[in-house]
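Inspection log for the structure reproduced underneath, given as structure tokens.
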Amino acid sequence: MSAFKSKRTGLIICIFIVLIALIYFFFFNPVGIKLAHSNLRELSGHLRDFGWPGKIIGMSLIFFQTFFPFIPFVLVAGTNVAIFGIKMGFLVNYVMSCLGAIASFYFARYYGHAWVEKKLERFPLVTQFSKRMERHGFFYVLIGRLIPILPSSAVNFSAGLTRMKFRDFLWGTLLGKFPIVFLESMIAHDLFHFQKYKGRLLLLLGILVLLLILGNSVKKALAPKTK
């Protein structure tokens, strides 16, 4: 038990240090302030100018966006597409997004269970979705990835609170994230090259809108019935 508490304390300290470092970098460091106040095209240009450190920052942004969705995923994905190119950018977005999801799952299950539970209990939809993941883990994680029913971070954390097997969460995440990350990476790429790909961009945005409509319908079906 003492070893578990020691690991938990160590992880919390590490997360705290990382958060302090990020706050310092983006609010007090001249380079971080410059990045934080840049638009997407400027941000990607700055990160490219930094070379490999800029690429590491771009990769890290995807990982932490999965934990803390402070920026829309498509914008962060667009930064990596601009830095790495569409093929490698998609791969970076996919791998780092999956790693972030796995880290969130483990954090909720083994280290921040009480904190996560307190945060999510205010949202009845998350509770209803969690009950279904409890019984059919793989299927609902997969659906939660493919259709924007809940934010990705909510799926990660709520799955960690259930008794579902990690294997089901992993496969649901790997299979479900592939098409949606590809879609958002392509949208980001075509936004950068609007004149050349505006026809395809409209098609991709249409697919995204349909997924949002479908997700809204599922939300209504899952919402607790009130008398």
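We name chains A, B, ... following the order of the structure tokens; residues begin at 1 in each chain, and ligands are numbered from 1 as shown.
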So that I can see what lies close to Lys87 of chain A, please list as an mmCIF file with C-alpha atoms, in the first residue's frame the residues with an atom at most 12 Å from it, counting only C-alpha atoms and leaving out residues fewer than 3 positions away in the same chain.
data_model
loop_
_atom_site.group_PDB
_atom_site.id
_atom_site.type_symbol
_atom_site.label_atom_id
_atom_site.label_comp_id
_atom_site.auth_asym_id
_atom_site.auth_seq_id
_atom_site.Cartn_x
_atom_site.Cartn_y
_atom_site.Cartn_z
ATOM 1 C CA ALA A 77 -3.589 18.736 -35.482
ATOM 2 C CA ASN A 80 1.549 19.189 -36.805
ATOM 3 C CA VAL A 81 0.315 18.738 -40.372
ATOM 4 C CA ALA A 82 2.016 22.007 -41.290
ATOM 5 C CA ILE A 83 5.234 21.024 -39.501
ATOM 6 C CA PHE A 84 5.530 17.375 -40.563
ATOM 7 C CA PHE A 90 -1.396 12.454 -39.329
ATOM 8 C CA LEU A 91 0.800 9.710 -37.852
ATOM 9 C CA VAL A 92 2.039 12.079 -35.123
ATOM 10 C CA ASN A 93 -1.506 13.222 -34.347
ATOM 11 C CA TYR A 94 -2.786 9.642 -34.208
ATOM 12 C CA VAL A 181 -7.981 11.797 -36.478
ATOM 13 C CA PHE A 182 -7.450 11.256 -40.204
ATOM 14 C CA SER A 185 -5.904 16.106 -39.992
ATOM 15 C CA MET A 186 -7.161 16.307 -43.573
ATOM 16 C CA HIS A 189 -4.360 20.334 -44.160
#
Open item on the list: Just want the 8 Å neighbourhood of segment 153-167 of chain A, counted on only C-alpha atoms, with same-chain residues fewer than 5 positions away dropped. Output as a PyMOL selection string.
Closed with: chain A and resi 66-69+101-102+104-109+113+116-117+120+126+130+133-135+137+141+144
Task: Spatial neighbours of Gly78 of chain A, 12 Å, only C-alpha atoms, chain gap at least 5 places, as an MDAnalysis selection string - done: chainID A and resid 39:45 58:59 61:62 71:73 83:86 88:90 92:93 181:193
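Between atom CA of Lys131 of chain A and atom CA of Leu210 of chain A the interatomic distance comes to 25.8 Å.
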TODO: Would you list, as a PyMOL selection string, the residues of segment 48-139 of chain A that end up in alpha helix (DSSP H) under DSSP run on this structure's backbone?
DONE: chain A and resi 48-49+52-67+73-84+86-106+113-120+124-135+137-139
